[in-house]
Amino acid sequence: MPHHPSEPAASGPPTLDDALVGEAVLGVYRQMFAALARDSGAVVDDPELVDVAETLLAAFADAGEEGLSREQMRYVCRRYPAEVFENRLRVLRGLGAVREVFPKPNQLRYRASFTSVVGLMFVRRMMLDGGQSEMHRLLALEQLNVADPRMTPEQARDGAAGLARAFRLWSVELLTLTNGTIEELREQAPKLWGTEEILRRAERLHGAILRRWPQLDRACTDLRTAIYAYGDASRRAAARLSDSAGTTRNLTLLPPETWRTFARTASRDDLAAVLEGFVFDAAAPWHEPSAVVQAVEDGPRATPPRPAPPRPSVPDPGLSDDTGGDATASERLRAVAEQALRGRDRVAVEDVLTEGWVTARRLLADLSSAHLHPELPYRLVWSDGLAVRPEGSPTWISPGVFEKTDAERSNA
Amino acid sequence: MTESSVDAGVLARARARVLGAASQPVSEPTPAGLNTASDGERLWLLPVWPDGATPALLDEYDTAPMPMDRSGQARRVLAAALRCCWTRLDDAPWPGEAVPVPAVLEVYAGMSRGDAELARRWATGELRRLSDTGWLLLDESTGVVRPGPRVALWHDDTLGPLRDLLRRLPEPPQGVIAGE
């Protein structure tokens with residue numbers, strides 16, 4: 001039994017894709033049997049029902065001339081629910097696809113009809129290839145018939161008229177699509193594929209008929225106009241399709257599922273073929289030296305940061321009185337200066353720096369500060385010369401004077 | 001377009017651009033229009049930018065550079081590797097010296113806080129990534145690492161802060177350097 005997409009899902013729960021496939025199959029069935037159905041209820045509304053029939057017919061083929069009993073049929077169709085099987089068997093018996101081996105009461109064994117199997121094969125083929133490839137077959141068959149010496153002009157006229165009718169219907173459908181919405185056109189786009197081939201075959205057939213039976217020129221004219229009308233319609237539809245794809249640059253010419261499937265199943269070479277002929281610089285990050293320095297300095301440190309010192313438990317007493325401000329420092333400097341002067345107006349520096357250097361340097365620093373302090377009336381005046389005193393505590397000294405400035409002296 | 005109709009230099013240049021920092025023996029002719037870095041035996045073909053700029057220029061134009069995961073960690077590992085390989089800091093970092101990988105891992109573990117074993121594992125991954133992009137040359141079979149050819153593209157006048165940084169980083173443990 002050939003694989004059928006709408007088989008009861010052995011591989012997981014049914015998906016939306018399955019439903020779509022089933023709907024397409026149903027569409028084919030409805031189209032195929034619309035002429036035969038008394039009303040819409042006569043056509044199957046579940047593709048699974050056709051699978052029941054196919055399973056049954058396959059079992060009948062294996063059973064041979066014995067046929068199958070009702071129990072054997074049920075066993076073969078054990079995958080399907082009982083009511084589905086009963087319903088199907090009733091319909092098939094009613095239509096004559098399954099009938100008793102001998103037409104008498106209480107007959108327990110059944111046989112299948114050859115015609116139903118062929119019909120089902122035709123249905124399956126239409127389902128796989130669609131009407132277009134059937135058109136190819138019809139054209140090829142007609143070509144063979146035309147070459148057949150037993151062919152009569154009447155048969156040829158009927159064939160040409162049938163083909164002309166098919167082409168006319170086809171071009172009407174394409175024209176409707178061309179004037180309809182672009183989405184519908186995209187959906188039906190497969191009908192546009194391979195039209196050149198069909199046109200070529202049809203014209204060859206037309207030429208063969210006309211050569212053999214020149215008296216059929218009227219039927220041939222009909223066929224020719226139908227072929228050209230079909231060619232125009234398909235070209236217009238294709239032009240509209242490519243226009244819309246070309247202006248919008250979108251990828252919806254094919255359904256998204258097709259693109260997704262392509263992206264998943266295509267080989268690496270197929271995917272890379274798009275950018276063949278381009279050279280890309282290999283992507284490589286750049287580490288500037290300053291960025292490296294920044295990264296190291298921003299990074300977590302090896303030594304954890306010092307914890308904050310503990311807060312005192314007693315309340316903060318506020319600022320202390322001793323701000324170390326200018327007044328305190330200048331008072332201290334004034335005291336040091338007065339002590340160095342000892343009431344005199346001026347004193348030689350070398351006389352003041354009598355103690356060891358460790359002490360003397362501190363005094364010198366204070367005197368220099370007093371000299372530099374803008375508010376204190378003292379200054380240091382250095383003179384040229386350098387006295388070297390190998391035994392002295394500063395081993396060399398420049399003569400200098402520490403004195404009160406005039407303003408202070410006059411005030412005093 | 002067949003291969004024979006294409007100039008060999010053009011082909012080598014295209015190959016170098018596609019492969020990143022590709023290397024070839026010194027004896028082969030160098031295709032025009034590429035920077036080169038050589039360690040005496042092999043020659044690495046590197047991209048060249050106009051006006052002597054580097055991709056760091058993208059920063060000035062507020063253009064996003066090549067995106068990179070955990071760039072800070074990669075650069076810290078690069079700094080740790082340079083601390084070991086770039087021993088004479090007054091010279092250029094390229095070609096540098098080959099040092100055992102454990103020394104670099106130790107330096108990195110010493111730079112970072114937390115689980116030292118985890119830091120070594122992170123650093124091993126970063127060493128491989130830096131090696132893939134040509135910033136380091138990692139020889140996994142002998143377990144040594146040395147500076148990669150892209151380091152040679154650094155301008156000498158941008159290296160000052162990096163030199164100062166490397167002087168401050170912890171030294172590689174001497175025992176590991178000696179291969180114990």
# chains A, B, ... in the order shown; residues from 1 in each chain; ligands from 1

$ interface_residues --of "chain B" --to "chain A" --cutoff "6 Å" --atoms "only C-alpha atoms" --output "compact mmCIF listing (two decimals) with C-alpha atoms, in the first residue's frame"
# COMPACT_ATOMS: atom_id res chain seq x y z
CA ARG B 17 40.92 37.37 3.59
CA VAL B 18 38.53 34.47 3.93
CA LEU B 19 40.62 32.46 6.36
CA GLY B 20 41.62 35.34 8.62
CA MET B 66 32.72 43.18 15.81
CA GLY B 72 36.72 41.76 29.14
CA ARG B 75 41.40 40.71 27.08
CA ARG B 76 42.42 39.83 30.61
CA MET B 111 44.79 38.27 38.58
CA SER B 112 41.23 37.24 39.23
CA ARG B 113 39.20 36.62 42.32
CA THR B 133 41.34 34.66 15.85
CA LEU B 162 50.07 48.21 28.11

$ residues_around --residues "stretch 41-47 of chain B" --least-positions-apart "5" --cutoff "6 Å" --atoms "only C-alpha atoms" --output "list in words"
Ala21, Ala22, Ser23, Gln24, Pro25, Val26, Leu34, Asn35 and Thr36 of chain B

$ residues_around --residues "stretch 271-273 of chain A" --least-positions-apart "6" --cutoff "12 Å" --atoms "only C-alpha atoms" --output "PyMOL selection string"
chain A and resi 259+262-265

$ residues_around --residues "B:Ala12" --least-positions-apart "4" --cutoff "7 Å" --atoms "only C-alpha atoms" --output "PyMOL selection string"
chain B and resi 8+16+31

$ write_last_selection --atoms "N, CA and C atoms" --output "PDB file, in the first residue's frame"
ATOM      1  N   ALA B   8      47.595  34.125  -9.344  1.00  0.00           N
ATOM      2  CA  ALA B   8      47.885  33.399  -8.102  1.00  0.00           C
ATOM      3  C   ALA B   8      47.895  34.340  -6.904  1.00  0.00           C
ATOM      4  N   ALA B  16      43.537  34.508   1.997  1.00  0.00           N
ATOM      5  CA  ALA B  16      43.939  35.097   3.281  1.00  0.00           C
ATOM      6  C   ALA B  16      42.803  35.891   3.893  1.00  0.00           C
ATOM      7  N   PRO B  31      51.304  38.008  -1.562  1.00  0.00           N
ATOM      8  CA  PRO B  31      50.349  38.769  -2.376  1.00  0.00           C
ATOM      9  C   PRO B  31      50.342  40.229  -1.956  1.00  0.00           C
TER      10      PRO B  31
END

$ select_by_dssp --residues "stretch 336-394 of chain A" --states "strand (DSSP E or B)" --output "short mmCIF file (atom, residue, chain, number, x, y, z; two decimals) with C-alpha atoms, in the first residue's frame"
data_model
loop_
_atom_site.label_atom_id
_atom_site.label_comp_id
_atom_site.auth_asym_id
_atom_site.auth_seq_id
_atom_site.Cartn_x
_atom_site.Cartn_y
_atom_site.Cartn_z
CA ARG A 346 66.86 91.62 64.17
CA VAL A 347 68.99 88.61 64.79
CA ALA A 348 71.53 86.80 62.65
CA TYR A 378 58.85 89.10 60.00
CA ARG A 379 61.23 88.49 57.18
CA LEU A 380 64.39 86.61 56.38
CA VAL A 381 67.02 88.47 54.43
CA TRP A 382 69.84 86.44 52.98
CA ALA A 387 80.62 80.17 55.30
CA VAL A 388 82.06 76.71 55.54
#

$ residues_around --residues "A:Tyr75" --least-positions-apart "3" --cutoff "12 Å" --atoms "only C-alpha atoms" --output "ChimeraX atom specification"
/A:52,55-56,59,68-72,78-82,85

$ write_last_selection --atoms "N, CA and C atoms" --output "mmCIF file, in the first residue's frame"
data_model
loop_
_atom_site.group_PDB
_atom_site.id
_atom_site.type_symbol
_atom_site.label_atom_id
_atom_site.label_comp_id
_atom_site.auth_asym_id
_atom_site.auth_seq_id
_atom_site.Cartn_x
_atom_site.Cartn_y
_atom_site.Cartn_z
ATOM 1 N N VAL A 52 -9.742 3.339 3.811
ATOM 2 C CA VAL A 52 -10.456 2.103 4.140
ATOM 3 C C VAL A 52 -10.737 1.320 2.860
ATOM 4 N N THR A 55 -7.517 -0.181 1.491
ATOM 5 C CA THR A 55 -7.104 -1.333 2.269
ATOM 6 C C THR A 55 -7.938 -2.549 1.893
ATOM 7 N N LEU A 56 -9.231 -2.337 1.775
ATOM 8 C CA LEU A 56 -10.125 -3.447 1.431
ATOM 9 C C LEU A 56 -9.787 -4.013 0.061
ATOM 10 N N ALA A 59 -6.714 -6.096 0.063
ATOM 11 C CA ALA A 59 -6.943 -7.394 0.688
ATOM 12 C C ALA A 59 -7.676 -8.334 -0.270
ATOM 13 N N LEU A 68 -13.495 -12.632 0.273
ATOM 14 C CA LEU A 68 -13.306 -12.439 1.703
ATOM 15 C C LEU A 68 -14.652 -12.518 2.395
ATOM 16 N N SER A 69 -14.614 -13.082 3.607
ATOM 17 C CA SER A 69 -15.838 -13.043 4.404
ATOM 18 C C SER A 69 -15.901 -11.701 5.130
ATOM 19 N N ARG A 70 -17.055 -11.446 5.723
ATOM 20 C CA ARG A 70 -17.226 -10.171 6.429
ATOM 21 C C ARG A 70 -16.243 -10.037 7.583
ATOM 22 N N GLU A 71 -15.997 -11.174 8.288
ATOM 23 C CA GLU A 71 -15.082 -11.114 9.428
ATOM 24 C C GLU A 71 -13.653 -10.829 8.962
ATOM 25 N N GLN A 72 -13.298 -11.469 7.822
ATOM 26 C CA GLN A 72 -11.949 -11.210 7.297
ATOM 27 C C GLN A 72 -11.802 -9.742 6.906
ATOM 28 N N ARG A 78 -8.913 -3.571 10.791
ATOM 29 C CA ARG A 78 -8.999 -3.446 12.249
ATOM 30 C C ARG A 78 -8.436 -2.114 12.732
ATOM 31 N N ARG A 79 -7.661 -1.430 11.887
ATOM 32 C CA ARG A 79 -7.095 -0.150 12.327
ATOM 33 C C ARG A 79 -8.175 0.925 12.438
ATOM 34 N N TYR A 80 -9.281 0.721 11.730
ATOM 35 C CA TYR A 80 -10.291 1.779 11.671
ATOM 36 C C TYR A 80 -11.427 1.463 12.625
ATOM 37 N N PRO A 81 -12.104 2.472 13.115
ATOM 38 C CA PRO A 81 -13.225 2.234 14.047
ATOM 39 C C PRO A 81 -14.337 1.444 13.360
ATOM 40 N N ALA A 82 -15.117 0.731 14.193
ATOM 41 C CA ALA A 82 -16.129 -0.179 13.665
ATOM 42 C C ALA A 82 -17.164 0.582 12.841
ATOM 43 N N PHE A 85 -15.903 1.512 9.430
ATOM 44 C CA PHE A 85 -15.846 0.336 8.555
ATOM 45 C C PHE A 85 -17.232 -0.044 8.044
#

$ select_by_dssp --residues "stretch 29-60 of chain B" --states "helix (DSSP H, G or I)" --output "list in words"
Pro50, Asp51, Gly52, Leu57, Leu58, Asp59 and Glu60 of chain B

$ write_last_selection --atoms "C-alpha atoms" --output "PDB file, in the first residue's frame"
ATOM      1  CA  PRO B  50      43.576  52.566   5.004  1.00  0.00           C
ATOM      2  CA  ASP B  51      45.680  55.409   6.411  1.00  0.00           C
ATOM      3  CA  GLY B  52      47.285  53.174   8.968  1.00  0.00           C
ATOM      4  CA  LEU B  57      38.961  53.907  14.978  1.00  0.00           C
ATOM      5  CA  LEU B  58      35.397  52.576  14.911  1.00  0.00           C
ATOM      6  CA  ASP B  59      35.070  53.787  18.472  1.00  0.00           C
ATOM      7  CA  GLU B  60      35.596  57.380  17.420  1.00  0.00           C
TER       8      GLU B  60
END

$ atom_distance --atom1 "atom CA of B:Val144" --atom2 "atom CA of B:Pro100"
4.2 Å
